[in-house]
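Here is model30.txt, consisting of compact mmCIF, C-alpha atoms:
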# COMPACT_ATOMS: atom_id res chain seq x y z
CA MET A 1 8.22 -8.26 -2.83
CA SER A 2 6.10 -6.20 -5.22
CA VAL A 3 3.94 -3.30 -4.09
CA SER A 4 0.85 -5.43 -4.64
CA GLN A 5 2.23 -7.98 -2.16
CA CYS A 6 3.12 -5.42 0.51
CA GLN A 7 0.89 -4.89 3.49
CA PRO A 8 -1.00 -1.61 3.55
CA THR A 9 -1.07 0.54 6.65
CA VAL A 10 -4.47 1.14 8.20
CA PHE A 11 -6.15 3.42 10.68
CA LEU A 12 -9.03 2.15 12.82
CA SER A 13 -11.32 4.13 15.07
CA HIS A 14 -11.38 1.96 18.17
CA GLY A 15 -14.75 2.59 19.78
CA ALA A 16 -15.83 4.08 23.09
CA GLY A 17 -14.09 2.09 25.80
CA PRO A 18 -15.41 -1.50 25.54
CA SER A 19 -18.60 -0.45 23.71
CA PHE A 20 -18.14 -3.07 20.97
CA TYR A 21 -18.92 -5.74 23.58
CA MET A 22 -21.99 -4.06 25.06
CA ASP A 23 -25.72 -4.46 24.41
CA ALA A 24 -27.41 -1.21 23.37
CA THR A 25 -30.77 -2.44 24.63
CA VAL A 26 -29.21 -2.48 28.11
CA GLU A 27 -26.77 0.42 27.62
CA PRO A 28 -28.45 2.75 25.08
CA LYS A 29 -25.68 5.34 25.41
CA VAL A 30 -23.40 3.17 23.25
CA LYS A 31 -25.84 2.61 20.39
CA GLY A 32 -23.96 2.81 17.11
CA LEU A 33 -20.83 1.38 18.69
CA ASP A 34 -22.52 -1.57 20.41
CA LYS A 35 -22.10 -5.29 19.78
CA ASP A 36 -24.84 -5.36 17.13
CA SER A 37 -23.74 -2.20 15.31
CA ASN A 38 -22.50 -1.81 11.76
CA ALA A 39 -19.22 -0.73 13.35
CA VAL A 40 -18.72 -4.19 14.87
CA LYS A 41 -19.90 -6.00 11.74
CA GLY A 42 -17.36 -4.02 9.71
CA LEU A 43 -14.49 -4.96 12.01
CA LYS A 44 -15.45 -8.63 11.98
CA SER A 45 -15.34 -8.69 8.18
CA PHE A 46 -12.45 -6.22 7.83
CA VAL A 47 -9.82 -8.71 6.64
CA ALA A 48 -12.07 -10.23 3.95
CA ASP A 49 -13.68 -6.95 2.90
CA HIS A 50 -10.36 -5.20 2.32
CA ASN A 51 -8.23 -8.06 1.02
CA ILE A 52 -5.76 -8.10 3.90
CA ILE A 53 -3.31 -10.96 3.42
CA THR A 54 -2.33 -12.75 6.62
CA PRO A 55 0.46 -10.66 8.18
CA LYS A 56 3.50 -11.89 10.03
CA ALA A 57 2.74 -9.49 12.89
CA LEU A 58 0.72 -6.42 13.83
CA VAL A 59 2.50 -3.22 14.88
CA VAL A 60 0.05 -0.85 16.53
CA PHE A 61 0.18 2.87 17.38
CA SER A 62 -2.47 3.38 20.07
CA ALA A 63 -3.82 6.64 21.43
CA HIS A 64 -3.68 5.06 24.89
CA TYR A 65 0.06 4.42 25.13
CA ASP A 66 2.42 7.35 25.56
CA GLU A 67 5.89 7.68 27.03
CA ASP A 68 8.60 10.32 27.32
CA ILE A 69 10.74 8.21 24.96
CA CYS A 70 9.23 6.10 22.19
CA SER A 71 8.74 2.60 23.56
CA VAL A 72 7.94 -0.78 22.04
CA THR A 73 6.42 -3.77 23.78
CA SER A 74 8.90 -6.63 23.74
CA SER A 75 7.37 -9.40 25.83
CA GLU A 76 6.28 -12.80 24.52
CA ASN A 77 3.05 -12.81 26.52
CA TYR A 78 0.64 -10.04 27.47
CA SER A 79 -1.90 -9.14 30.07
CA LEU A 80 -4.78 -6.91 28.99
CA ASP A 81 -5.06 -3.47 30.56
CA TYR A 82 -8.73 -2.58 31.00
CA ASP A 83 -7.93 1.13 30.88
CA TYR A 84 -11.46 2.32 30.14
CA GLY A 85 -11.33 5.39 32.34
CA ASP A 86 -13.60 6.30 35.22
CA PHE A 87 -16.87 5.38 33.52
CA GLN A 88 -18.96 2.62 35.06
CA TRP A 89 -18.71 -0.09 32.43
CA PRO A 90 -20.47 -3.47 32.80
CA PRO A 91 -18.49 -6.04 34.83
CA GLU A 92 -18.19 -8.43 31.89
CA THR A 93 -16.16 -5.88 29.92
CA TYR A 94 -13.36 -6.42 32.44
CA GLU A 95 -13.38 -10.11 31.60
CA ILE A 96 -12.65 -9.79 27.89
CA ARG A 97 -9.92 -12.20 26.85
CA TRP A 98 -7.68 -12.10 23.77
CA PRO A 99 -4.68 -14.40 24.35
CA VAL A 100 -2.45 -12.92 21.69
CA VAL A 101 1.33 -13.21 21.98
CA GLY A 102 4.16 -10.81 21.35
CA ALA A 103 7.12 -11.15 19.01
CA PRO A 104 10.39 -9.99 20.59
CA ASP A 105 12.21 -10.34 17.26
CA VAL A 106 9.78 -7.97 15.56
CA ALA A 107 10.00 -5.60 18.52
CA MET A 108 13.78 -5.51 18.08
CA ARG A 109 13.31 -4.85 14.35
CA VAL A 110 11.05 -1.90 15.20
CA LYS A 111 13.62 -0.63 17.67
CA GLU A 112 16.39 -1.02 15.08
CA LEU A 113 14.44 0.94 12.45
CA LEU A 114 13.64 3.76 14.87
CA GLU A 115 17.20 4.06 16.15
CA SER A 116 18.57 4.03 12.59
CA LYS A 117 16.65 7.29 12.09
CA GLY A 118 17.95 8.82 15.29
CA ILE A 119 14.84 8.12 17.35
CA SER A 120 15.51 6.88 20.89
CA CYS A 121 13.53 3.75 21.68
CA ASN A 122 12.98 1.73 24.85
CA ALA A 123 11.99 -1.95 24.89
CA ASP A 124 9.23 -2.51 27.45
CA SER A 125 8.81 -6.13 28.52
CA ASN A 126 6.24 -5.39 31.25
CA ARG A 127 3.44 -3.43 29.61
CA GLY A 128 0.11 -5.08 28.82
CA LEU A 129 -2.06 -4.24 25.83
CA ASP A 130 -4.41 -1.28 26.26
CA HIS A 131 -8.00 -1.13 25.05
CA GLY A 132 -6.98 0.77 21.92
CA VAL A 133 -5.41 -2.52 20.82
CA PHE A 134 -7.47 -5.41 22.11
CA VAL A 135 -10.95 -3.89 21.88
CA PRO A 136 -10.94 -3.46 18.06
CA LEU A 137 -8.39 -6.12 17.10
CA LYS A 138 -10.12 -8.96 18.95
CA LEU A 139 -12.91 -8.45 16.40
CA VAL A 140 -10.58 -8.19 13.39
CA PHE A 141 -8.33 -11.11 14.40
CA PRO A 142 -10.48 -13.19 16.77
CA GLU A 143 -8.20 -16.25 16.66
CA ALA A 144 -5.43 -14.26 18.40
CA ASP A 145 -2.95 -16.09 16.20
CA ILE A 146 -0.95 -13.11 14.88
CA PRO A 147 1.68 -11.58 17.19
CA VAL A 148 1.20 -7.99 18.31
CA ILE A 149 3.73 -5.28 19.07
CA GLU A 150 2.63 -1.91 20.40
CA VAL A 151 4.58 1.29 19.73
CA SER A 152 4.00 4.25 22.02
CA LEU A 153 3.19 7.82 21.24
CA LEU A 154 5.28 10.52 22.88
CA LYS A 155 3.98 12.59 25.77
CA SER A 156 5.09 15.68 23.85
CA LEU A 157 2.25 15.08 21.35
CA ASP A 158 4.42 16.89 18.83
CA MET A 159 3.22 16.22 15.29
CA ALA A 160 6.64 16.37 13.63
CA GLU A 161 8.12 13.83 16.07
CA HIS A 162 5.24 11.40 15.47
CA LEU A 163 5.46 11.70 11.70
CA LYS A 164 9.15 10.83 12.01
CA ILE A 165 8.24 7.66 13.93
CA GLY A 166 5.77 6.64 11.24
CA GLU A 167 8.27 7.36 8.47
CA ALA A 168 10.95 5.28 10.21
CA LEU A 169 8.70 2.21 10.17
CA SER A 170 7.75 2.36 6.49
CA ASP A 171 9.85 -0.73 5.66
CA LEU A 172 7.65 -2.95 7.82
CA SER A 173 5.00 -3.17 5.09
CA LYS A 174 7.56 -4.82 2.83
CA GLU A 175 8.26 -7.38 5.57
CA ASN A 176 4.64 -8.58 5.73
CA ILE A 177 3.92 -6.61 8.90
CA LEU A 178 0.62 -4.78 9.16
CA VAL A 179 0.99 -1.34 10.73
CA ILE A 180 -2.20 -0.10 12.40
CA GLY A 181 -3.04 3.28 13.87
CA SER A 182 -5.73 3.07 16.56
CA GLY A 183 -7.48 6.24 17.70
CA PHE A 184 -10.63 8.13 16.77
CA ALA A 185 -11.18 10.41 13.79
CA SER A 186 -12.70 12.94 16.17
CA HIS A 187 -12.72 12.69 19.95
CA ALA A 188 -15.22 15.35 20.97
CA GLY A 189 -18.95 15.80 20.61
CA MET A 190 -20.13 12.63 22.36
CA CYS A 191 -23.90 12.71 22.90
CA GLN A 192 -24.12 15.97 20.96
CA THR A 193 -25.53 16.23 17.45
CA ASP A 194 -25.63 18.81 14.68
CA LEU A 195 -22.51 20.56 15.93
CA PRO A 196 -21.41 23.24 13.45
CA TRP A 197 -17.81 22.04 13.29
CA ALA A 198 -18.57 18.39 12.53
CA GLU A 199 -19.09 18.34 8.77
CA PRO A 200 -16.42 20.97 8.01
CA TYR A 201 -13.97 18.92 10.04
CA ARG A 202 -14.87 15.69 8.23
CA LYS A 203 -14.51 17.42 4.85
CA TRP A 204 -11.09 18.77 5.84
CA LEU A 205 -9.91 15.42 7.21
CA HIS A 206 -11.06 13.41 4.22
CA ASP A 207 -9.30 15.81 1.89
CA LEU A 208 -6.12 15.53 3.95
CA VAL A 209 -6.22 11.76 4.06
CA SER A 210 -7.43 10.84 0.59
CA ASN A 211 -6.90 13.64 -1.95
CA PRO A 212 -4.81 11.98 -4.70
CA LYS A 213 -3.59 15.33 -6.03
CA TYR A 214 -1.32 15.94 -3.03
CA SER A 215 2.31 14.94 -3.27
CA ALA A 216 3.86 13.18 -0.29
CA LYS A 217 5.45 16.46 0.78
CA GLU A 218 2.17 18.35 0.45
CA ARG A 219 0.29 15.78 2.53
CA LYS A 220 3.00 15.83 5.20
CA ASP A 221 2.94 19.63 5.27
CA ARG A 222 -0.81 19.55 5.78
CA PHE A 223 -0.47 17.22 8.73
CA LEU A 224 2.14 19.55 10.21
CA ALA A 225 -0.27 22.47 9.76
CA TYR A 226 -3.25 20.64 11.34
CA SER A 227 -3.82 23.35 13.96
CA GLU A 228 -4.55 25.91 11.26
CA GLU A 229 -7.83 24.14 10.46
CA LYS A 230 -10.52 26.07 12.35
CA SER A 231 -12.62 23.03 13.14
CA PHE A 232 -9.75 20.95 14.54
CA SER A 233 -9.72 22.28 18.09
CA SER A 234 -13.43 21.48 18.38
CA ALA A 235 -12.96 17.93 17.09
CA HIS A 236 -9.91 17.17 19.27
CA LYS A 237 -9.22 18.84 22.62
CA THR A 238 -5.86 17.03 22.62
CA ILE A 239 -4.38 15.18 19.67
CA GLU A 240 -3.53 11.69 20.93
CA HIS A 241 -6.48 10.16 19.03
CA PHE A 242 -5.51 12.01 15.84
CA LEU A 243 -1.80 11.18 15.85
CA PRO A 244 -2.32 7.50 14.88
CA ILE A 245 -3.94 8.73 11.65
CA ALA A 246 -0.89 10.83 10.84
CA MET A 247 1.54 8.06 11.83
CA SER A 248 -0.13 5.37 9.75
CA CYS A 249 -0.18 7.71 6.76
CA ALA A 250 3.50 8.57 7.30
CA ALA A 251 4.34 4.85 7.46
CA SER A 252 2.86 4.48 3.96
CA GLY A 253 5.06 7.22 2.55
CA TYR A 254 2.14 9.69 2.69
CA GLN A 255 0.19 7.82 0.04
CA PRO A 256 -3.43 8.86 -0.54
CA GLY A 257 -5.72 6.81 1.66
CA THR A 258 -8.95 5.03 0.89
CA ILE A 259 -11.83 5.90 3.20
CA LEU A 260 -13.21 2.51 4.16
CA HIS A 261 -15.90 3.68 6.57
CA SER A 262 -17.15 7.04 7.83
CA GLU A 263 -20.08 7.92 10.07
CA PHE A 264 -20.91 10.05 13.08
CA VAL A 265 -21.83 7.89 16.06
CA MET A 266 -22.95 8.53 19.64
CA GLY A 267 -23.51 12.15 18.71
CA SER A 268 -20.62 13.73 16.81
CA LEU A 269 -17.86 11.20 17.28
CA LEU A 270 -16.43 10.63 13.80
CA TYR A 271 -15.94 6.89 13.37
CA ASP A 272 -13.63 6.40 10.36
CA HIS A 273 -11.34 3.70 8.99
CA TYR A 274 -8.65 4.32 6.34
CA LYS A 275 -6.28 2.19 4.30
CA PHE A 276 -2.99 3.50 2.87
CA GLN A 277 -1.35 1.35 0.22
CA ALA A 278 2.39 0.85 0.54
CA LYS A 279 4.54 3.10 -1.63
Let me see the structure of the file written as structure tokens.
Amino acid sequence: MSVSQCQPTVFLSHGAGPSFYMDATVEPKVKGLDKDSNAVKGLKSFVADHNIITPKALVVFSAHYDEDICSVTSSENYSLDYDYGDFQWPPETYEIRWPVVGAPDVAMRVKELLESKGISCNADSNRGLDHGVFVPLKLVFPEADIPVIEVSLLKSLDMAEHLKIGEALSDLSKENILVIGSGFASHAGMCQTDLPWAEPYRKWLHDLVSNPKYSAKERKDRFLAYSEEKSFSSAHKTIEHFLPIAMSCAASGYQPGTILHSEFVMGSLLYDHYKFQAK
């Protein structure tokens, strides 16, 4: 398979809880990430807009799945976990359905690739899909006809360990599997505007993700040194929403990414999507 036929890896900002399914005229707090927003329109047209060929399966790193040992969902059928937190979301957001199936064979391939690089991996046949998966991907793949496998983060939140996971799964792109990181480009500043860290952070992040002058090693080193960026601790109090960016980039071989969408929403939440072409 040529590079042009390989799947890219992508990162998607996944919204605020179930906001993509909410009406901003009723719930004004979610305006910008509501059902009529440009954010939702962009997800609905994502496949066509960015020339995504139909993948064999989706392998997703979600900010909302972490374990002591890297784990992969291995069941054939899923429940949905409405893990929206303690906010009072509308009742209908707990009735969202997306009857996607799993792919145990792909899960075992993921496990094989991880273990071949010395990464311990558990197969989890009981876990449902969290909102970092079904909330955005129901819009991207509404027919629910592409199997999904979810790969956990580690509770350690150690950058080097997560880059290693991404690197280990780089061959999946060549097997017509779309690797997706699901998090949020920044995860602080909700309902706050004009914060002094916001634009410096976006400038730093976009340089990290997309600067074509960086070698693979240089881009990896910059991910490892993320905490040295002064604005980072303001944009992310903890890094679980940032790690899927790093992992999806690592899975591409640290190729320069294309910034597909970038805007501040609901205050200073940075809502970005990136695409990394396979190496």
**Message:** Given only C-alpha atoms as the basis, pick out the residue of A:Asp207, A:Phe61, A:Leu33, A:Ile239 nearest to A:Leu269.
**Reply:** A:Leu33
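The space separating atom CA of A:Phe87 from atom CA of A:Pro99 comes to 25.0 Å.
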Quick one: contact table of stretch 11-125 of chain A to stretch 134-147 of chain A, 7 Å max, nearest atom pair and distance in Å to one decimal per residue, counting all atoms listed in the file, chain and number order, as a tab-separated table?
residue	atom	partner	partner_atom	distance
A:His14	CA	A:Pro136	CA	5.4
A:Pro18	CA	A:Val135	CA	6.2
A:Leu43	CA	A:Val140	CA	5.3
A:Lys44	CA	A:Val140	CA	5.1
A:Phe46	CA	A:Val140	CA	6.2
A:Val47	CA	A:Val140	CA	6.8
A:Lys56	CA	A:Ile146	CA	6.7
A:Ala57	CA	A:Pro147	CA	4.9
A:Leu58	CA	A:Pro147	CA	6.2
A:Trp98	CA	A:Ala144	CA	6.2
A:Pro99	CA	A:Ala144	CA	6.0
A:Val100	CA	A:Ala144	CA	4.6
A:Val101	CA	A:Pro147	CA	5.1
A:Gly102	CA	A:Pro147	CA	4.9
A:Ala103	CA	A:Pro147	CA	5.8
**Item:** Contacts of stretch 193-200 of chain A at 12 Å (all atoms listed in the file; same-chain gap of 5+ positions) as a PyMOL selection string
**Value:** chain A and resi 185-188+205-207+229-236+262-271
Using all atoms listed in the file, find each residue in stretch 218-256 of chain A having at least one atom no more than 12 Å away from stretch 64-68 of chain A; report its shortest atom-to-atom pair and that distance in Å (one decimal), rows by chain then rising number, as JSON lines.
{"residue": "A:Ile239", "atom": "CA", "partner": "A:His64", "partner_atom": "CA", "distance": 11.4}
{"residue": "A:Glu240", "atom": "CA", "partner": "A:His64", "partner_atom": "CA", "distance": 7.7}
{"residue": "A:His241", "atom": "CA", "partner": "A:His64", "partner_atom": "CA", "distance": 8.3}
{"residue": "A:Phe242", "atom": "CA", "partner": "A:His64", "partner_atom": "CA", "distance": 11.6}
{"residue": "A:Leu243", "atom": "CA", "partner": "A:His64", "partner_atom": "CA", "distance": 11.1}
{"residue": "A:Pro244", "atom": "CA", "partner": "A:His64", "partner_atom": "CA", "distance": 10.4}
For those residues, write C-alpha atoms to a file as a compact mmCIF listing (two decimals), in the frame of the given file.
# COMPACT_ATOMS: atom_id res chain seq x y z
CA ILE A 239 -4.38 15.18 19.67
CA GLU A 240 -3.53 11.69 20.93
CA HIS A 241 -6.48 10.16 19.03
CA PHE A 242 -5.51 12.01 15.84
CA LEU A 243 -1.80 11.18 15.85
CA PRO A 244 -2.32 7.50 14.88
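With all atoms listed in the file as the basis for measurement, A:Ala251 is the residue among A:Ala246, A:Leu208, A:Tyr84, A:Ala251 that approaches A:Ala168 most closely.
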**Asked** Once you count only C-alpha atoms, which residues end up no further than 12 Å from (-1.9, 0.3, 9.1) in the file's frame, shown as a ChimeraX atom specification?
**Response** /A:6-13,52,55,57-62,166,169-170,172-173,176-183,244-253,255,257-258,273-278
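Distances here use only C-alpha atoms; by that measure, the residue among A:Arg219, A:Pro256, A:Tyr21, A:Val209 closest to A:Pro91 is A:Tyr21.
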**Message:** Using Å and a single decimal, report how far atom CA of A:Val72 sits from atom CA of A:Glu150.
**Reply:** 5.7 Å
Mind giving me the axis-aligned box for stretch 94-103 of chain A with 3 Å on every side, centre plus edges in Å to one decimal, as JSON?
{"center_x": -3.1, "center_y": -10.4, "center_z": 25.7, "size_x": 26.5, "size_y": 14.0, "size_z": 19.4}
